[in-house]
Amino acid sequence: MATASGPARTFVERFPSEAGVIKANLLVSFVALGIGAFFGLIQALHRTDILRVIDSADYYTMLTGHGVLLAIVFTIFFLTGFFHWATARSLDQPAVSTLYSWAWFGLMTTGTVLATIAILGGLVPNLGISADVLFTFYAPLQAHPIFYIGLAMFIVGTWLAGADWFLSYRAWRSDNKGERIPLQMFMVLTTMIMWYLATLGVAVSVVFFLIPWSLGLIPSVNPLLTRTLFWYFGHPIVYFWLMPAYMMWYTILPKLSGGRLFSDPLARVVFLLFLLLSTPVGIHHQYLDPGIAEGFKFIAMTNTMFLLLPSLLTAFTAVASMEHGARQRGGEGYLRWLGALPWRDPAFTGMALAGILFAAGGFSGMINAGMNINYLIHNTLWVPGHFHLTVGTAVALTMMAGSYWLVPQLTGTKLYSRPIGLLQVIMWFIGMVFMSNAMHRAGLAGIPRRTAEPQYQNFEFLTPIGSIFELRVQIALGGTLLFLSVVLFLFNMLLTSLGEKSDRPVDEYLPEPLSGPEGSPRVLDNLGLWTGIAVVLVILAYTLPLAGIIQNGGGLFGGGLPIPATVSAGLDFVTTLVTTTVNTLLEVAA
Amino acid sequence: MKLTKARALVIIAFSVPIAIELRTVAGFFNIDLPLIAIAVIEFLFLALMFVLYGLYGEGSESAS
Ligand code: HEM
Ligand SMILES: [Cu+2]
């Protein structure tokens with residue numbers, strides 16, 4: 001890592017204008033967290049029938065607001081703030097233009113506000129604006145055009161943000177010829193390449209299909225096509241959530257535990273594997289879609305299982321670095337070193353607890369990924385149980401924990417209260433154990449997700465252990481603890497930022513890894529090569545399925561229901577397309 | 001090792017998933033643990049932590 005300037009000067013002193021941009025990003029992120037968590041509480045209490053403050057008909061509005069504000073706004077604004085920090089920090093130089101940085105922030109924020117207005121408009125019926133389309137927003141659900149337009153602005157904003165970091169990198173490169181890319185910068189760049197590749201799918205879906213359709217310019221869309229384009233992006237977005245968390249586990253957690261990162265080359269390999277493997281797997285969300293041939297689903301499943309590898313490598317590295325840190329602090333024994341970790345520090349404890357629940361989420365994810373067992377839990381409450389452990393904890397709790405260390409660097413103040421921070425991360429852990437464990441069990445009992453009224457008349461769900469009533473109480477209890485935890489977090493952040501300037505500020509210095517970048521082959525830094533391979537993999541994985549979907553679903557804009565598909569339909573389509581093109585070309589040439 | 005407030009809190013946090021899943025473990029041995037039994041066990045555990053914290057926690061005399 002490039003920074004050797006040491007603890008003497010804080011980030012905000014060295015990069016005041018970057019700190020301003022980062023703080024603005026975190027502010028939007030935290031506001032979204034507060035509103036989203038409040039909606040989460042309402043849902044958890046409503047669908048368990050513990051307390052009902054909204055009409056069941058408004059449940060989808062709440063759920064859309066919850067999904068969009070938490071899974072998209074909270075996480076991605078945190079990411080853009082954090083990546084901006086990491087770029088300036090690891091290159092040890094300011095961004096190329098502050099005005100430009102504010103421009104992408106402004107575009108993202110405007111888009112977010114438009115989309116949020118469209119969603120919340122659903123609560124005011126005579127407004128005529130609504131977007132009850134859930135955070136997956138594919139057809140046949142339709143939103144008001146300003147939802148999609150806001151979404152498009154938001155995505156273009158993230159593209160411009162990525163360009164900001166690539167420009168910083170280019171400026172650094174011209175002064176540092178022949179040097180290895182600093183680790184955090186490497187992580188930012190690989191993540192953004194993956195993002196460019198993945199958002200292409202959703203951009204096509206929004207701009208060519210959903211916006212014209214919502215404006216009434218085209219009468220119908222091919223629903224399966226918009227679903228497939230969504231999931232083409234919808235799986236990689238998982239890694240857009242996870243990468244900032246992984247980056248904190250790789251570069252910050254070892255320091256917090258008192259040691260150093262175990263291996264820099266391994267970290268680079270992990271990020272490259274995510275770049276290569278995260279896009280060609282989206283069809284694993286569509287195992288039950290009839291319009292896609294079984295063979296393509298099988299290929300997506302195999303790719304998904306490969307994708308487990310970088311996560312398992314990450315688990316290994318994170319634990320190895322923590323153990324190294326604990327032993328530096330005098331920890332001994334086979335397991336007793338665990339006690340020597342800095343549990344008092346909410347930044348450390350939050351990340352460690354997030355990592356532990358992520359392991360549990362990884363196991364339920366393997367169940368989701370298996371084509372045959374997936375049928376057991378598809379669209380049940382098991383699925384929210386799974387992703388509240390992954391994005392809802394591994395990512396969200398790591399981001400909150402990281403804020404305890406990051407925000408004081410940006411404000412030059414001291415963290416308002418470490419004990420409250422500690423209580424907050426522990427409450428999140430306990431709340432999530434209650435809520436997600438009960439959700440997994442409820443899913444196994446067949447209780448559906450995404451509904452205000454999961455109870456059916458004259459039908460009884462059965463659980464092997466305990467009763468449905470207990471599960472409902474656990475979900476409501478967990479949801480309440482989670483909401484209170486968010487309140488404590490926001491309170492702590494607010495008072496931290498209002499605090500007095502500290503003369504002993506948090507230092508942002510990160511120690512060198514145990515095994516540095518010298519140990520890794522140079523080809524790892526050849527980002528052009530890896531992008532090329534990633535593109536080829538995507539083309540291989542998606543050409544035939546997309547061709548089949550267009551063929552079976554009545555063309556690009558076909559509004560009919562998809563018919564059960566076979567591999568040959570896609571193949572026929574591609575063959576016809578190629579032969580007609582060749583024939584036309586020959587005719588033109590003749 | 002001193003039982004700090006932070007360590008005690010983390011141990012309590014870990015006790016929750018273990019308590020909840022205790023029923024599954026008991027299920028393997030064909031024992032039906034009702035939720036109330038779990039609540040009692042967890043409560044006893046909390047009480048134990050409380051006592052231990054009083055004996056060996058921060059600020060207690062035996063703390064080294
Ligand atoms: C206060 C904490 C939270 C509570 C009480 C909560 C509660 C819930 C509940 C009960 C559902 C299921 C609704 C249903 O299927 O009927 C849900 C769905 C969801 N939650 Fe949360 N949640 C919380 C935090 C989070 C966080 C931090 C994230 C992500 C960063 C998140 C992302 C989602 C998503 C994406 C959905 C699915 C939306 C959909 O089905 O379209 N939640 N949440
Ligand atoms: Cu996925």
# chains A, B, ... in the order shown; residues from 1 in each chain; ligands from 1
$ select_by_dssp --residues "chain B" --states "alpha helix (DSSP H)" --output "MDAnalysis selection string"
chainID B and resid 5:28 35:56
$ interface_residues --of "chain A" --to "chain B" --cutoff "7 Å" --atoms "only C-alpha atoms" --output "NGL selection string"
:A and (343-344 or 426 or 430 or 433 or 466)
$ residues_near_ligand --ligand "ligand 2" --cutoff "9 Å" --atoms "only C-alpha atoms and all ligand atoms" --output "VMD selection string"
chain A and resid 231 234 to 238 278 281 to 285 304 365 368 to 369
$ write_last_selection --atoms "N, CA, C and O atoms" --output "CSV table (one decimal), in the first residue's frame"
chain,number,residue,atom,x,y,z
A,231,TRP,N,-31.6,-10.5,-14.2
A,231,TRP,CA,-30.7,-11.4,-13.5
A,231,TRP,C,-29.3,-11.5,-14.0
A,231,TRP,O,-28.4,-11.8,-13.3
A,234,GLY,N,-28.5,-9.0,-11.9
A,234,GLY,CA,-28.9,-9.2,-10.5
A,234,GLY,C,-28.0,-10.1,-9.7
A,234,GLY,O,-27.9,-10.0,-8.5
A,235,HIS,N,-27.3,-11.0,-10.4
A,235,HIS,CA,-26.3,-11.8,-9.6
A,235,HIS,C,-25.0,-11.0,-9.4
A,235,HIS,O,-24.6,-10.8,-8.2
A,236,PRO,N,-24.4,-10.4,-10.4
A,236,PRO,CA,-23.2,-9.6,-10.2
A,236,PRO,C,-23.4,-8.5,-9.2
A,236,PRO,O,-22.5,-8.1,-8.4
A,237,ILE,N,-24.7,-7.9,-9.1
A,237,ILE,CA,-24.9,-6.8,-8.1
A,237,ILE,C,-24.6,-7.3,-6.7
A,237,ILE,O,-24.2,-6.6,-5.8
A,238,VAL,N,-24.8,-8.6,-6.5
A,238,VAL,CA,-24.5,-9.3,-5.2
A,238,VAL,C,-23.0,-9.0,-4.9
A,238,VAL,O,-22.6,-8.7,-3.7
A,278,SER,N,-18.6,-13.8,-11.9
A,278,SER,CA,-19.9,-13.4,-11.3
A,278,SER,C,-21.0,-13.1,-12.3
A,278,SER,O,-22.1,-13.2,-12.0
A,281,VAL,N,-23.6,-16.3,-14.5
A,281,VAL,CA,-24.3,-17.3,-13.6
A,281,VAL,C,-25.8,-16.9,-13.3
A,281,VAL,O,-26.5,-17.6,-12.6
A,282,GLY,N,-26.2,-15.7,-13.8
A,282,GLY,CA,-27.5,-15.1,-13.4
A,282,GLY,C,-28.7,-16.1,-13.6
A,282,GLY,O,-29.7,-16.0,-12.9
A,283,ILE,N,-28.6,-17.0,-14.5
A,283,ILE,CA,-29.7,-17.9,-14.8
A,283,ILE,C,-30.0,-18.8,-13.6
A,283,ILE,O,-31.1,-19.3,-13.5
A,284,HIS,N,-29.1,-18.8,-12.6
A,284,HIS,CA,-29.4,-19.6,-11.4
A,284,HIS,C,-30.6,-19.0,-10.6
A,284,HIS,O,-31.0,-19.6,-9.6
A,285,HIS,N,-31.0,-17.8,-10.9
A,285,HIS,CA,-32.2,-17.2,-10.3
A,285,HIS,C,-33.4,-17.6,-11.0
A,285,HIS,O,-34.5,-17.2,-10.7
A,304,THR,N,-22.0,-21.5,-10.9
A,304,THR,CA,-22.2,-21.0,-9.6
A,304,THR,C,-21.4,-21.7,-8.5
A,304,THR,O,-20.8,-21.1,-7.6
A,365,GLY,N,-26.9,-20.4,0.9
A,365,GLY,CA,-26.8,-20.1,-0.5
A,365,GLY,C,-26.5,-21.3,-1.4
A,365,GLY,O,-26.9,-21.4,-2.5
A,368,ASN,N,-29.7,-22.8,-2.2
A,368,ASN,CA,-30.3,-22.1,-3.3
A,368,ASN,C,-29.8,-22.4,-4.7
A,368,ASN,O,-30.5,-22.5,-5.7
A,369,ALA,N,-28.4,-22.6,-4.7
A,369,ALA,CA,-27.7,-22.8,-6.0
A,369,ALA,C,-28.0,-24.1,-6.6
A,369,ALA,O,-28.0,-24.3,-7.8
$ residues_near_ligand --ligand "ligand 1" --cutoff "8 Å" --atoms "only C-alpha atoms and all ligand atoms" --output "JSON, numbers by chain"
{"A": [33, 36, 37, 38, 39, 40, 41, 42, 43, 44, 45, 47, 63, 64, 66, 67, 68, 70, 71, 72, 74, 75, 133, 134, 135, 136, 381, 384, 387, 388, 391, 392, 393, 395, 396, 397, 435, 448, 449, 450, 451, 452, 475, 476, 478, 479, 480, 481, 482, 483, 484, 485, 486]}
$ atom_distance --atom1 "CA of Asp525 in chain A" --atom2 "CA of Glu508 in chain A"
25.0 Å
$ atom_distance --atom1 "CA of Gly555 in chain A" --atom2 "CA of Thr576 in chain A"
13.8 Å
$ residues_around --residues "Leu261 in chain A" --least-positions-apart "6" --cutoff "9 Å" --atoms "only C-alpha atoms" --output "VMD selection string"
chain A and resid 250 to 255 317 to 318 320 to 322 324 to 325 511 to 515
$ write_last_selection --atoms "all heavy atoms" --output "compact mmCIF listing (two decimals), in the first residue's frame"
# COMPACT_ATOMS: atom_id res chain seq x y z
N TYR A 250 -10.23 -7.57 3.85
CA TYR A 250 -8.86 -7.81 3.41
C TYR A 250 -7.91 -6.73 3.88
O TYR A 250 -6.76 -7.00 4.19
CB TYR A 250 -8.79 -7.89 1.88
CG TYR A 250 -9.09 -9.26 1.32
CD1 TYR A 250 -10.25 -9.52 0.62
CD2 TYR A 250 -8.19 -10.31 1.51
CE1 TYR A 250 -10.52 -10.78 0.11
CE2 TYR A 250 -8.45 -11.57 1.01
CZ TYR A 250 -9.62 -11.79 0.31
OH TYR A 250 -9.87 -13.03 -0.19
N THR A 251 -8.35 -5.46 3.86
CA THR A 251 -7.36 -4.42 4.11
C THR A 251 -7.51 -3.75 5.47
O THR A 251 -6.54 -3.24 5.99
CB THR A 251 -7.39 -3.34 3.00
OG1 THR A 251 -8.65 -2.68 3.00
CG2 THR A 251 -7.15 -3.96 1.63
N ILE A 252 -8.71 -3.74 6.05
CA ILE A 252 -8.88 -3.01 7.32
C ILE A 252 -8.94 -3.96 8.52
O ILE A 252 -8.32 -3.74 9.55
CB ILE A 252 -10.14 -2.12 7.26
CG1 ILE A 252 -9.99 -1.10 6.13
CG2 ILE A 252 -10.35 -1.40 8.59
CD1 ILE A 252 -11.21 -0.24 5.92
N LEU A 253 -9.69 -5.06 8.35
CA LEU A 253 -9.83 -6.00 9.47
C LEU A 253 -8.49 -6.49 10.03
O LEU A 253 -8.32 -6.52 11.25
CB LEU A 253 -10.72 -7.18 9.03
CG LEU A 253 -11.11 -8.18 10.10
CD1 LEU A 253 -11.87 -7.50 11.22
CD2 LEU A 253 -11.95 -9.31 9.52
N PRO A 254 -7.50 -6.86 9.17
CA PRO A 254 -6.22 -7.31 9.74
C PRO A 254 -5.59 -6.24 10.62
O PRO A 254 -5.07 -6.55 11.69
CB PRO A 254 -5.36 -7.57 8.50
CG PRO A 254 -6.31 -7.82 7.40
CD PRO A 254 -7.53 -6.98 7.70
N LYS A 255 -5.68 -4.99 10.19
CA LYS A 255 -5.10 -3.92 11.01
C LYS A 255 -5.85 -3.81 12.33
O LYS A 255 -5.24 -3.71 13.39
CB LYS A 255 -5.19 -2.60 10.25
CG LYS A 255 -4.72 -1.42 11.10
CD LYS A 255 -5.53 -0.18 10.78
CE LYS A 255 -5.33 0.88 11.83
NZ LYS A 255 -4.26 1.82 11.51
N THR A 317 -8.53 -16.41 4.26
CA THR A 317 -7.59 -15.30 4.46
C THR A 317 -8.00 -14.43 5.64
O THR A 317 -7.15 -14.00 6.42
CB THR A 317 -7.54 -14.40 3.21
OG1 THR A 317 -7.48 -15.24 2.07
CG2 THR A 317 -6.33 -13.52 3.23
N ALA A 318 -9.32 -14.16 5.76
CA ALA A 318 -9.76 -13.29 6.84
C ALA A 318 -9.44 -13.92 8.18
O ALA A 318 -8.89 -13.27 9.09
CB ALA A 318 -11.25 -13.01 6.71
N ALA A 320 -7.18 -16.26 8.83
CA ALA A 320 -5.73 -16.35 9.01
C ALA A 320 -5.16 -15.00 9.45
O ALA A 320 -4.30 -14.94 10.34
CB ALA A 320 -5.06 -16.81 7.72
N SER A 321 -5.66 -13.91 8.85
CA SER A 321 -5.13 -12.60 9.23
C SER A 321 -5.53 -12.24 10.66
O SER A 321 -4.75 -11.64 11.39
CB SER A 321 -5.64 -11.51 8.29
OG SER A 321 -5.46 -11.87 6.95
N MET A 322 -6.77 -12.62 11.04
CA MET A 322 -7.19 -12.33 12.42
C MET A 322 -6.34 -13.11 13.41
O MET A 322 -5.94 -12.60 14.45
CB MET A 322 -8.67 -12.69 12.60
CG MET A 322 -9.60 -11.63 12.07
SD MET A 322 -11.21 -11.74 12.80
CE MET A 322 -11.89 -13.17 12.07
N HIS A 324 -3.32 -14.16 12.99
CA HIS A 324 -2.00 -13.53 13.05
C HIS A 324 -2.05 -12.30 13.98
O HIS A 324 -1.18 -12.13 14.83
CB HIS A 324 -1.56 -13.12 11.64
CG HIS A 324 -0.33 -12.28 11.63
ND1 HIS A 324 0.92 -12.79 11.88
CD2 HIS A 324 -0.16 -10.95 11.45
CE1 HIS A 324 1.81 -11.82 11.84
NE2 HIS A 324 1.19 -10.68 11.58
N GLY A 325 -3.11 -11.47 13.80
CA GLY A 325 -3.24 -10.28 14.64
C GLY A 325 -3.34 -10.65 16.11
O GLY A 325 -2.67 -10.06 16.97
N PRO A 511 -1.06 -1.45 7.54
CA PRO A 511 0.26 -2.10 7.49
C PRO A 511 0.44 -2.92 6.21
O PRO A 511 -0.52 -3.32 5.57
CB PRO A 511 0.25 -3.01 8.72
CG PRO A 511 -1.19 -3.26 8.99
CD PRO A 511 -1.94 -2.05 8.54
N GLU A 512 1.70 -3.17 5.86
CA GLU A 512 2.02 -4.01 4.69
C GLU A 512 1.54 -5.44 4.94
O GLU A 512 1.57 -5.91 6.06
CB GLU A 512 3.54 -4.06 4.50
CG GLU A 512 4.18 -2.74 4.16
CD GLU A 512 3.79 -2.26 2.78
OE1 GLU A 512 3.67 -3.11 1.88
OE2 GLU A 512 3.57 -1.05 2.60
N PRO A 513 1.11 -6.15 3.86
CA PRO A 513 0.73 -7.56 4.03
C PRO A 513 1.94 -8.42 4.40
O PRO A 513 3.08 -8.04 4.12
CB PRO A 513 0.20 -7.96 2.66
CG PRO A 513 0.15 -6.74 1.84
CD PRO A 513 0.96 -5.67 2.50
N LEU A 514 1.66 -9.58 5.00
CA LEU A 514 2.73 -10.53 5.33
C LEU A 514 3.43 -10.97 4.06
O LEU A 514 4.64 -11.09 4.00
CB LEU A 514 2.15 -11.75 6.03
CG LEU A 514 1.79 -11.57 7.50
CD1 LEU A 514 1.08 -12.80 8.02
CD2 LEU A 514 3.05 -11.29 8.31
N SER A 515 2.61 -11.28 3.03
CA SER A 515 3.20 -11.66 1.76
C SER A 515 2.76 -10.61 0.75
O SER A 515 1.58 -10.46 0.46
CB SER A 515 2.73 -13.06 1.40
OG SER A 515 2.63 -13.21 0.03
